[in-house]
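*Asks:* work-v2.pdb (PDB, C-alpha atoms) pasted underneath:
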```
ATOM      1  CA  MET Q  24      31.557   8.854 -11.255
ATOM      2  CA  LEU Q  25      33.078   5.359 -11.176
ATOM      3  CA  GLU Q  26      36.517   6.900 -10.621
ATOM      4  CA  ARG Q  27      35.222   8.770  -7.563
ATOM      5  CA  LEU Q  28      33.538   5.609  -6.251
ATOM      6  CA  ASN Q  29      36.835   3.760  -6.539
ATOM      7  CA  GLN Q  30      38.504   6.572  -4.582
ATOM      8  CA  ALA Q  31      35.932   5.977  -1.854
ATOM      9  CA  LEU Q  32      36.788   2.255  -1.900
ATOM     10  CA  GLU Q  33      40.470   3.158  -1.511
ATOM     11  CA  HIS Q  34      39.549   5.383   1.440
ATOM     12  CA  ILE Q  35      37.811   2.400   3.059
ATOM     13  CA  GLU Q  36      40.928   0.238   2.643
ATOM     14  CA  CYS Q  37      43.112   2.890   4.291
ATOM     15  CA  HIS Q  38      40.783   3.253   7.278
ATOM     16  CA  LEU Q  39      39.634  -0.280   8.101
ATOM     17  CA  ASP Q  40      41.426  -0.085  11.446
ATOM     18  CA  ARG Q  41      39.629   3.100  12.506
ATOM     19  CA  GLU Q  42      36.200   4.736  12.361
ATOM     20  CA  ILE Q  43      34.839   5.192   8.831
ATOM     21  CA  GLU Q  44      32.290   7.984   8.493
ATOM     22  CA  VAL Q  45      29.877   7.539   5.604
ATOM     23  CA  ASP Q  46      29.562  11.300   5.138
ATOM     24  CA  GLU Q  47      33.334  11.430   4.588
ATOM     25  CA  LEU Q  48      33.075   8.584   2.048
ATOM     26  CA  ALA Q  49      30.323  10.523   0.272
ATOM     27  CA  ARG Q  50      32.605  13.581   0.131
ATOM     28  CA  VAL Q  51      35.381  11.477  -1.424
ATOM     29  CA  ALA Q  52      32.895  10.024  -3.922
ATOM     30  CA  GLY Q  53      31.607  13.521  -4.737
ATOM     31  CA  THR Q  54      27.983  12.688  -3.994
ATOM     32  CA  SER Q  55      25.443  12.568  -1.164
ATOM     33  CA  GLU Q  56      25.472   9.946   1.577
ATOM     34  CA  TYR Q  57      21.974   8.884   0.493
ATOM     35  CA  HIS Q  58      23.003   8.350  -3.126
ATOM     36  CA  LEU Q  59      26.293   6.671  -2.182
ATOM     37  CA  ARG Q  60      24.520   4.025  -0.109
ATOM     38  CA  ARG Q  61      21.987   3.312  -2.846
ATOM     39  CA  ILE Q  62      24.342   3.146  -5.800
ATOM     40  CA  PHE Q  63      26.934   1.105  -3.873
ATOM     41  CA  SER Q  64      24.299  -1.468  -2.982
ATOM     42  CA  ALA Q  65      23.151  -1.646  -6.614
ATOM     43  CA  LEU Q  66      26.676  -2.006  -7.996
ATOM     44  CA  ALA Q  67      28.126  -4.287  -5.317
ATOM     45  CA  GLY Q  68      25.095  -6.395  -4.481
ATOM     46  CA  ILE Q  69      25.529  -5.820  -0.738
ATOM     47  CA  PRO Q  70      25.003  -2.776   1.506
ATOM     48  CA  LEU Q  71      27.983  -0.467   2.073
ATOM     49  CA  SER Q  72      28.019  -1.165   5.821
ATOM     50  CA  GLU Q  73      28.090  -4.924   5.187
ATOM     51  CA  TYR Q  74      31.018  -4.581   2.772
ATOM     52  CA  ILE Q  75      33.021  -2.588   5.335
ATOM     53  CA  ARG Q  76      32.209  -5.138   8.052
ATOM     54  CA  ARG Q  77      33.251  -8.073   5.878
ATOM     55  CA  ARG Q  78      36.487  -6.372   4.767
ATOM     56  CA  ARG Q  79      37.390  -5.710   8.413
ATOM     57  CA  LEU Q  80      36.683  -9.295   9.401
ATOM     58  CA  THR Q  81      38.738 -10.525   6.435
ATOM     59  CA  LEU Q  82      41.800  -8.595   7.633
ATOM     60  CA  ALA Q  83      41.082  -9.536  11.238
ATOM     61  CA  ALA Q  84      40.973 -13.222  10.269
ATOM     62  CA  ALA Q  85      44.462 -13.013   8.764
ATOM     63  CA  GLU Q  86      45.778 -11.494  11.995
ATOM     64  CA  VAL Q  87      43.987 -14.120  14.092
ATOM     65  CA  LEU Q  88      45.665 -16.916  12.140
ATOM     66  CA  ALA Q  89      49.060 -15.170  12.289
ATOM     67  CA  GLY Q  90      48.931 -15.487  16.078
ATOM     68  CA  ARG Q  91      51.215 -12.530  16.845
ATOM     69  CA  GLU Q  92      48.698 -10.488  18.877
ATOM     70  CA  THR Q  93      45.979 -11.231  21.397
ATOM     71  CA  LEU Q  94      42.426 -11.654  20.170
ATOM     72  CA  LEU Q  95      41.341  -8.635  22.221
ATOM     73  CA  THR Q  96      43.988  -6.425  20.606
ATOM     74  CA  ILE Q  97      42.736  -7.475  17.157
ATOM     75  CA  ALA Q  98      39.122  -6.966  18.205
ATOM     76  CA  VAL Q  99      39.761  -3.401  19.382
ATOM     77  CA  ARG Q 100      41.777  -2.552  16.254
ATOM     78  CA  TYR Q 101      38.821  -3.413  14.038
ATOM     79  CA  GLY Q 102      36.204  -1.545  16.046
ATOM     80  CA  TYR Q 103      34.839  -4.122  18.476
ATOM     81  CA  GLY Q 104      34.399  -3.023  22.070
ATOM     82  CA  SER Q 105      34.800  -6.493  23.562
ATOM     83  CA  GLY Q 106      36.132  -9.934  22.783
ATOM     84  CA  GLU Q 107      32.587 -11.285  22.925
ATOM     85  CA  ALA Q 108      31.279  -8.870  20.292
ATOM     86  CA  PHE Q 109      34.254  -9.668  18.054
ATOM     87  CA  ALA Q 110      33.715 -13.404  18.496
ATOM     88  CA  ARG Q 111      30.037 -13.136  17.523
ATOM     89  CA  ALA Q 112      30.810 -11.135  14.385
ATOM     90  CA  PHE Q 113      33.731 -13.413  13.508
ATOM     91  CA  ARG Q 114      31.591 -16.537  13.861
ATOM     92  CA  ALA Q 115      28.757 -14.994  11.800
ATOM     93  CA  MET Q 116      31.108 -14.499   8.852
ATOM     94  CA  HIS Q 117      33.545 -17.392   9.171
ATOM     95  CA  GLY Q 118      31.383 -20.051  10.831
ATOM     96  CA  ILE Q 119      33.917 -20.534  13.620
ATOM     97  CA  GLY Q 120      35.080 -18.522  16.631
ATOM     98  CA  PRO Q 121      38.446 -16.695  16.525
ATOM     99  CA  GLY Q 122      39.947 -18.767  19.331
ATOM    100  CA  GLU Q 123      39.107 -22.051  17.653
ATOM    101  CA  ALA Q 124      40.277 -20.709  14.285
ATOM    102  CA  ARG Q 125      43.656 -19.831  15.802
ATOM    103  CA  ARG Q 126      44.020 -23.224  17.480
ATOM    104  CA  THR Q 127      43.067 -25.294  14.452
ATOM    105  CA  GLY Q 128      44.268 -23.100  11.577
ATOM    106  CA  ALA Q 129      40.842 -23.475   9.984
ATOM    107  CA  ALA Q 130      40.002 -22.259   6.481
ATOM    108  CA  LEU Q 131      38.106 -18.974   6.744
ATOM    109  CA  SER Q 132      35.898 -16.866   4.489
ATOM    110  CA  SER Q 133      37.169 -13.799   2.676
ATOM    111  CA  GLN Q 134      35.590 -10.636   1.286
ATOM    112  CA  SER Q 135      37.596  -9.597  -1.751
ATOM    113  CA  ARG Q 136      38.482  -5.965  -2.204
ATOM    114  CA  MET Q 137      36.136  -4.373  -4.721
ATOM    115  CA  ALA Q 138      36.743  -2.030  -7.619
ATOM    116  CA  PHE Q 139      34.159  -0.810 -10.107
ATOM    117  CA  ARG Q 140      34.761  -0.970 -13.852
ATOM    118  CA  LEU Q 141      32.591   0.143 -16.762
ATOM    119  CA  THR Q 142      31.887  -2.659 -19.257
ATOM    120  CA  VAL Q 143      30.342  -1.816 -22.619
ATOM    121  CA  GLU Q 144      28.060  -4.629 -23.794
ATOM    122  CA  GLY Q 145      26.332  -3.062 -26.810
ATOM    123  CA  ARG Q 146      22.994  -2.927 -25.058
ATOM    124  CA  SER Q 147      20.180  -0.779 -26.449
ATOM    125  CA  GLY Q 148      19.892   2.719 -25.029
ATOM    126  CA  MET Q 149      17.786   3.294 -21.951
ATOM    127  CA  ARG Q 150      14.579   5.273 -22.502
ATOM    128  CA  TYR Q 151      14.157   8.092 -19.998
ATOM    129  CA  ARG Q 152      13.052  11.680 -19.511
ATOM    130  CA  VAL Q 153      13.573  14.206 -16.726
ATOM    131  CA  VAL Q 154      10.490  15.931 -15.297
ATOM    132  CA  GLU Q 155      10.025  18.891 -12.943
ATOM    133  CA  LYS Q 156       6.960  18.087 -10.870
ATOM    134  CA  ALA Q 157       4.987  20.236  -8.412
ATOM    135  CA  ALA Q 158       4.081  18.899  -4.969
ATOM    136  CA  PHE Q 159       1.525  16.075  -4.973
ATOM    137  CA  SER Q 160       0.078  13.334  -2.786
ATOM    138  CA  VAL Q 161       0.113   9.563  -3.050
ATOM    139  CA  VAL Q 162      -3.321   8.455  -1.834
ATOM    140  CA  GLY Q 163      -4.124   4.800  -1.332
ATOM    141  CA  PHE Q 164      -3.646   1.754   0.837
ATOM    142  CA  LYS Q 165      -0.410   1.201   2.765
ATOM    143  CA  ALA Q 166       1.468  -1.856   4.087
ATOM    144  CA  ARG Q 167       4.906  -2.562   5.553
ATOM    145  CA  VAL Q 168       6.551  -5.249   3.400
ATOM    146  CA  PRO Q 169      10.007  -6.836   2.861
ATOM    147  CA  LEU Q 170      12.265  -5.817  -0.011
ATOM    148  CA  VAL Q 171      12.657  -8.554  -2.661
ATOM    149  CA  HIS Q 172      15.288  -8.106  -5.382
ATOM    150  CA  ALA Q 173      14.387 -11.035  -7.639
ATOM    151  CA  GLY Q 174      11.150 -12.881  -8.283
ATOM    152  CA  PRO Q 175       7.626 -12.060  -7.084
ATOM    153  CA  ASN Q 176       7.115 -10.176  -3.815
ATOM    154  CA  ARG Q 177       4.538 -12.391  -2.116
ATOM    155  CA  ALA Q 178       3.816  -9.887   0.664
ATOM    156  CA  ILE Q 179       2.868  -7.193  -1.862
ATOM    157  CA  ALA Q 180       0.853  -9.631  -3.964
ATOM    158  CA  ASP Q 181      -1.133 -10.790  -0.919
ATOM    159  CA  PHE Q 182      -1.700  -7.211   0.222
ATOM    160  CA  VAL Q 183      -2.982  -6.042  -3.174
ATOM    161  CA  ARG Q 184      -5.153  -9.139  -3.523
ATOM    162  CA  GLY Q 185      -6.867  -8.173  -0.264
ATOM    163  CA  ILE Q 186      -7.985  -4.757  -1.552
ATOM    164  CA  ALA Q 187     -11.603  -4.850  -2.741
ATOM    165  CA  PRO Q 188     -12.090  -4.185  -6.493
ATOM    166  CA  ARG Q 189     -14.649  -1.471  -5.694
ATOM    167  CA  ALA Q 190     -12.111   0.317  -3.490
ATOM    168  CA  LYS Q 191      -9.536   0.220  -6.296
ATOM    169  CA  ALA Q 192     -12.060   1.597  -8.799
ATOM    170  CA  LEU Q 193     -13.014   4.492  -6.501
ATOM    171  CA  LEU Q 194      -9.353   5.211  -5.874
ATOM    172  CA  GLU Q 195      -8.498   5.291  -9.578
ATOM    173  CA  LYS Q 196     -11.049   8.092 -10.117
ATOM    174  CA  LEU Q 197      -8.898  10.362  -7.921
ATOM    175  CA  SER Q 198      -5.903  10.122 -10.292
ATOM    176  CA  ASP Q 199      -5.494  13.588 -11.818
ATOM    177  CA  GLN Q 200      -1.827  13.799 -12.938
ATOM    178  CA  GLU Q 201       1.184  11.816 -14.132
ATOM    179  CA  PRO Q 202       1.777   8.975 -13.678
ATOM    180  CA  HIS Q 203      -1.921   8.268 -14.268
ATOM    181  CA  GLY Q 204      -3.906   5.367 -12.854
ATOM    182  CA  ILE Q 205      -3.083   2.969 -10.044
ATOM    183  CA  VAL Q 206       0.622   3.010  -9.127
ATOM    184  CA  ALA Q 207       2.909   1.088  -6.776
ATOM    185  CA  VAL Q 208       4.902   3.360  -4.488
ATOM    186  CA  CYS Q 209       7.855   2.373  -2.276
ATOM    187  CA  ASP Q 210       9.030   4.704   0.480
ATOM    188  CA  ASP Q 211      11.187   4.636   3.618
ATOM    189  CA  LEU Q 212      13.552   1.992   2.219
ATOM    190  CA  ASP Q 213      16.640   0.893   4.108
ATOM    191  CA  PRO Q 214      19.545   3.006   2.755
ATOM    192  CA  GLY Q 215      21.554  -0.119   1.980
ATOM    193  CA  ARG Q 216      18.592  -1.751   0.216
ATOM    194  CA  ALA Q 217      19.473  -5.131   1.684
ATOM    195  CA  GLU Q 218      17.275  -8.104   0.816
ATOM    196  CA  ASN Q 219      14.339  -8.566   3.243
ATOM    197  CA  THR Q 220      14.711  -5.158   4.907
ATOM    198  CA  GLU Q 221      11.314  -3.477   5.206
ATOM    199  CA  LEU Q 222       9.730  -0.600   3.286
ATOM    200  CA  ASP Q 223       6.418   1.253   3.118
ATOM    201  CA  TYR Q 224       4.369   0.113   0.135
ATOM    202  CA  TYR Q 225       1.437   2.181  -1.172
ATOM    203  CA  HIS Q 226      -1.093   0.904  -3.685
ATOM    204  CA  GLY Q 227      -2.695   4.129  -4.797
ATOM    205  CA  VAL Q 228      -2.821   7.106  -7.146
ATOM    206  CA  ILE Q 229      -1.010  10.384  -7.713
ATOM    207  CA  THR Q 230      -3.430  13.194  -6.962
ATOM    208  CA  SER Q 231      -4.086  16.660  -5.591
ATOM    209  CA  ALA Q 232      -7.297  15.448  -3.918
ATOM    210  CA  ALA Q 233      -7.756  14.757  -0.218
ATOM    211  CA  ALA Q 234      -7.490  11.169   1.011
ATOM    212  CA  PRO Q 235     -10.893   9.451   1.401
ATOM    213  CA  GLU Q 236     -11.742   7.735   4.665
ATOM    214  CA  GLY Q 237      -9.909   4.428   5.048
ATOM    215  CA  THR Q 238      -6.952   5.432   2.866
ATOM    216  CA  THR Q 239      -3.538   6.922   3.643
ATOM    217  CA  ALA Q 240      -1.841   9.965   2.105
ATOM    218  CA  LEU Q 241       1.874  10.447   1.496
ATOM    219  CA  ASN Q 242       2.680  14.094   0.784
ATOM    220  CA  VAL Q 243       5.547  14.536  -1.671
ATOM    221  CA  PRO Q 244       7.272  17.933  -2.142
ATOM    222  CA  ALA Q 245       8.055  19.485  -5.518
ATOM    223  CA  GLY Q 246      11.208  18.265  -7.228
ATOM    224  CA  THR Q 247      12.952  16.671 -10.187
ATOM    225  CA  TRP Q 248      12.137  13.138 -11.335
ATOM    226  CA  ALA Q 249      13.848  10.797 -13.787
ATOM    227  CA  VAL Q 250      11.255   8.706 -15.612
ATOM    228  CA  PHE Q 251      12.304   5.390 -17.195
ATOM    229  CA  THR Q 252      10.184   3.176 -19.447
ATOM    230  CA  VAL Q 253      10.463  -0.524 -20.246
ATOM    231  CA  SER Q 254       8.417  -3.292 -21.877
ATOM    232  CA  GLY Q 255       8.862  -7.005 -21.267
ATOM    233  CA  PRO Q 256       8.044 -10.030 -19.122
ATOM    234  CA  VAL Q 257       6.983  -9.499 -15.518
ATOM    235  CA  PRO Q 258       8.534  -9.238 -13.026
ATOM    236  CA  GLN Q 259      11.940  -9.726 -14.715
ATOM    237  CA  ALA Q 260      11.851  -6.675 -17.015
ATOM    238  CA  ILE Q 261      10.921  -4.335 -14.169
ATOM    239  CA  GLN Q 262      13.493  -5.730 -11.736
ATOM    240  CA  GLU Q 263      16.187  -5.549 -14.429
ATOM    241  CA  LEU Q 264      15.209  -1.940 -15.178
ATOM    242  CA  TRP Q 265      15.657  -1.069 -11.497
ATOM    243  CA  ARG Q 266      19.098  -2.698 -11.544
ATOM    244  CA  ASP Q 267      20.163  -1.044 -14.818
ATOM    245  CA  VAL Q 268      19.163   2.426 -13.629
ATOM    246  CA  PHE Q 269      21.575   2.208 -10.700
ATOM    247  CA  THR Q 270      24.391   0.278 -12.359
ATOM    248  CA  GLU Q 271      24.360   1.993 -15.771
ATOM    249  CA  TRP Q 272      22.319   5.199 -15.880
ATOM    250  CA  PHE Q 273      23.422   6.951 -12.672
ATOM    251  CA  PRO Q 274      27.170   6.349 -13.249
ATOM    252  CA  SER Q 275      26.831   7.762 -16.798
ATOM    253  CA  ASN Q 276      24.624  10.821 -16.156
ATOM    254  CA  PRO Q 277      24.983  14.019 -14.099
ATOM    255  CA  TYR Q 278      22.220  13.126 -11.647
ATOM    256  CA  ARG Q 279      22.094  11.522  -8.226
ATOM    257  CA  GLY Q 280      19.228  10.117  -6.204
ATOM    258  CA  ARG Q 281      17.580  12.212  -3.511
ATOM    259  CA  PRO Q 282      15.267  11.146  -0.665
ATOM    260  CA  GLY Q 283      11.755  10.412  -1.798
ATOM    261  CA  PRO Q 284       9.387   7.664  -2.876
ATOM    262  CA  GLU Q 285       9.919   5.428  -5.908
ATOM    263  CA  ILE Q 286       6.868   5.173  -8.143
ATOM    264  CA  LEU Q 287       6.046   2.384 -10.597
ATOM    265  CA  ARG Q 288       3.155   2.469 -13.056
ATOM    266  CA  THR Q 289       2.525  -0.899 -14.721
ATOM    267  CA  ARG Q 290       0.115  -1.847 -17.515
ATOM    268  CA  LEU Q 291      -0.212  -5.621 -17.887
ATOM    269  CA  SER Q 292      -0.968  -7.528 -21.082
ATOM    270  CA  PRO Q 293      -4.257  -9.505 -21.196
ATOM    271  CA  GLU Q 294      -2.316 -12.662 -20.322
ATOM    272  CA  LYS Q 295      -0.602 -10.798 -17.434
ATOM    273  CA  THR Q 296       2.796 -12.117 -18.537
ATOM    274  CA  GLU Q 297       4.073  -8.929 -20.212
ATOM    275  CA  ALA Q 298       3.949  -5.300 -19.129
ATOM    276  CA  ASP Q 299       4.655  -1.729 -20.139
ATOM    277  CA  ALA Q 300       6.129   0.004 -17.126
ATOM    278  CA  GLU Q 301       7.186   3.510 -16.128
ATOM    279  CA  LEU Q 302       9.543   4.018 -13.179
ATOM    280  CA  TRP Q 303       9.713   7.460 -11.495
ATOM    281  CA  LEU Q 304      12.766   8.140  -9.297
ATOM    282  CA  PRO Q 305      13.479  11.376  -7.366
ATOM    283  CA  VAL Q 306      16.775  12.894  -8.548
ATOM    284  CA  GLU Q 307      18.814  16.070  -8.400
ATOM    285  CA  HIS Q 308      21.452  17.442 -10.740
ATOM    286  CA  GLU Q 309      24.969  16.547  -9.657
ATOM    287  CA  HIS Q 310      27.657  19.152 -10.330
ATOM    288  CA  ARG Q 311      30.894  17.353 -11.276
TER     289      ARG Q 311
END
```
Show me, as structure tokens, the structure contained in the file I just sent.

*Replies:*
Amino acid sequence: MLERLNQALEHIECHLDREIEVDELARVAGTSEYHLRRIFSALAGIPLSEYIRRRRLTLAAAEVLAGRETLLTIAVRYGYGSGEAFARAFRAMHGIGPGEARRTGAALSSQSRMAFRLTVEGRSGMRYRVVEKAAFSVVGFKARVPLVHAGPNRAIADFVRGIAPRAKALLEKLSDQEPHGIVAVCDDLDPGRAENTELDYYHGVITSAAAPEGTTALNVPAGTWAVFTVSGPVPQAIQELWRDVFTEWFPSNPYRGRPGPEILRTRLSPEKTEADAELWLPVEHEHR
């Protein structure tokens, strides 16, 4: 898969001065647009759209400093409909407007061209299984929260803290299938998974029962799920598992992500510093 991803990166380089359709990039990469956005963000650390924008502004900056063409000509070449829009984007990346940069010959920022390589580090194998699961519901309490890649998510912690213990206990009795007990469910994530973009967070259970009054239900259709397990310190072990799934497991296995919620079941140690966790991700088989 990494070879196909690098072909998609080459396609980007050849089309920076024209419209780049993500569905065409997905075709080059041999995967779905949904999966391409997610795995690129995990591998590169930035959303696909942001990488394309920064590469364009890197090339545009070189042409601005060269001084051979007007700023408007450069702006139009790299997809900006006006000099003002180009100047705003240019300043956001380089910290200086294009006109001033040309006059002063200022030092500008640069987004290096990316390529993905597989590095073998002798890590222990990842524990996973693939499950076919009938349709079910996530029933629980819902909040809109920001995405946090590293460290505690304060918005989620505050939200969960505000749920009455009695309500949690009643909810847990509705759990009637895997993963059992109270789970954390993330849905409607930004495709690029950029830091601080918002998502729907559910604190609830997996069940076939109807949602009690005061709770919310998320209906999930039947499908295939990859289930990963990890043990270690919280939240580091869980956040590293999420990273490793996208940077190591997906590129090495014939599966790709599909739209759907991400489900995490966590069992904390008495000291609440360690956890056994199970991560459920919706997947589909990828024919290569």

*Asks:* Fewer than 2 positions away in the same chain doesn't count, so skip those; otherwise give me all residues within 12 Å of Q:Ile43, counting all atoms listed in the file, as an MDAnalysis selection string.

*Replies:* chainID Q and resid 31:41 45:49 71:72 75:76 79 101:102

*Asks:* Would you list the contacts of Q:Ile62 as a ChimeraX atom specification, taking every protein, DNA or RNA residue within 12 Å and counting all atoms listed in the file, but skipping same-chain residues closer than 6 positions in sequence?

*Replies:* /Q:24-25,28,49,52,54-56,68-71,139,214-216,265-274,278-281

*Asks:* When you count all atoms listed in the file, which of these residues is closest to Q:Ala190: Q:Gly237, Q:Gly90, Q:Pro305, Q:Pro202?

*Replies:*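 Going through Q:Gly237, Q:Gly90, Q:Pro305, Q:Pro202 one by one, the smallest distance to Q:Ala190 is for Q:Gly237.
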
*Asks:* Written as an MDAnalysis selection string, which residues does the PyMOL selection byres ((chain Q and resi 121-123) around 10) give for the file shown?

*Replies:* chainID Q and resid 83:84 87:88 93:94 98 106 109:114 117:120 124:129

*Asks:* Which residues come within 10 Å of Q:Glu301, counting only C-alpha atoms, excluding same-chain residues fewer than 6 positions away, as a ChimeraX atom specification?

*Replies:* /Q:150-151,202,206,250-254,261,264,286-290

*Asks:* So the first atom is atom CA of Q:Ile229 and the second is atom CA of Q:Val161; what is the distance between them in Å, to one decimal place?

*Replies:*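 Going from atom CA of Q:Ile229 over to atom CA of Q:Val161, I get 4.9 Å.
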
*Asks:* Going by the chain IDs and residue numbers used in this file, which residues fall under the PyMOL selection byres ((chain Q and resi 174) around 10)? Write them as a list in words.

*Replies:*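 Evaluating the PyMOL selection byres ((chain Q and resi 174) around 10) on these coordinates yields Val171, His172, Ala173, Pro175, Asn176, Arg177, Val257, Pro258, Gln259 and Gln262 of chain Q.
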
*Asks:* One decimal, in Å: what's the spacing between atom CA of Q:Pro293 and atom CA of Q:Lys191?

*Replies:*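 About the pair atom CA of Q:Pro293 and atom CA of Q:Lys191: they are 18.6 Å apart.
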
*Asks:* Where atoms are missing, can you supply N, CA and C atoms for stretch 208-230 of chain Q and output the lot as a compact mmCIF listing (two decimals), keeping the file's coordinate frame?

*Replies:*
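New file part.txt:
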```
# COMPACT_ATOMS: atom_id res chain seq x y z
N VAL Q 208 3.97 2.38 -5.02
CA VAL Q 208 4.90 3.36 -4.49
C VAL Q 208 5.66 2.75 -3.31
N CYS Q 209 7.00 2.87 -3.36
CA CYS Q 209 7.86 2.37 -2.28
C CYS Q 209 8.52 3.56 -1.60
N ASP Q 210 8.47 3.59 -0.27
CA ASP Q 210 9.03 4.70 0.48
C ASP Q 210 9.66 4.16 1.76
N ASP Q 211 10.52 4.98 2.35
CA ASP Q 211 11.19 4.64 3.62
C ASP Q 211 11.94 3.32 3.50
N LEU Q 212 12.73 3.19 2.40
CA LEU Q 212 13.55 1.99 2.22
C LEU Q 212 14.82 2.09 3.06
N ASP Q 213 15.35 0.95 3.45
CA ASP Q 213 16.64 0.89 4.11
C ASP Q 213 17.69 1.48 3.17
N PRO Q 214 18.56 2.38 3.65
CA PRO Q 214 19.55 3.01 2.76
C PRO Q 214 20.42 2.01 2.00
N GLY Q 215 20.73 0.88 2.65
CA GLY Q 215 21.55 -0.12 1.98
C GLY Q 215 20.79 -1.02 1.04
N ARG Q 216 19.45 -0.96 1.08
CA ARG Q 216 18.59 -1.75 0.22
C ARG Q 216 18.91 -3.24 0.29
N ALA Q 217 19.17 -3.71 1.50
CA ALA Q 217 19.47 -5.13 1.68
C ALA Q 217 18.21 -5.97 1.53
N GLU Q 218 18.38 -7.17 0.99
CA GLU Q 218 17.27 -8.10 0.82
C GLU Q 218 16.56 -8.34 2.14
N ASN Q 219 15.22 -8.30 2.10
CA ASN Q 219 14.34 -8.57 3.24
C ASN Q 219 14.28 -7.45 4.27
N THR Q 220 14.98 -6.32 4.06
CA THR Q 220 14.71 -5.16 4.91
C THR Q 220 13.33 -4.62 4.53
N GLU Q 221 12.70 -3.87 5.42
CA GLU Q 221 11.31 -3.48 5.21
C GLU Q 221 11.18 -2.10 4.57
N LEU Q 222 10.04 -1.88 3.92
CA LEU Q 222 9.73 -0.60 3.29
C LEU Q 222 8.23 -0.35 3.38
N ASP Q 223 7.84 0.92 3.19
CA ASP Q 223 6.42 1.25 3.12
C ASP Q 223 5.96 1.10 1.68
N TYR Q 224 4.92 0.31 1.47
CA TYR Q 224 4.37 0.11 0.14
C TYR Q 224 2.97 0.74 0.07
N TYR Q 225 2.75 1.56 -0.95
CA TYR Q 225 1.44 2.18 -1.17
C TYR Q 225 0.87 1.68 -2.49
N HIS Q 226 -0.37 1.26 -2.46
CA HIS Q 226 -1.09 0.90 -3.68
C HIS Q 226 -2.12 2.01 -3.85
N GLY Q 227 -1.84 2.95 -4.76
CA GLY Q 227 -2.70 4.13 -4.80
C GLY Q 227 -2.58 4.91 -6.09
N VAL Q 228 -2.84 6.23 -5.98
CA VAL Q 228 -2.82 7.11 -7.15
C VAL Q 228 -2.08 8.39 -6.80
N ILE Q 229 -1.64 9.08 -7.86
CA ILE Q 229 -1.01 10.38 -7.71
C ILE Q 229 -2.11 11.43 -7.90
N THR Q 230 -2.27 12.31 -6.93
CA THR Q 230 -3.43 13.19 -6.96
C THR Q 230 -3.19 14.47 -6.17
```
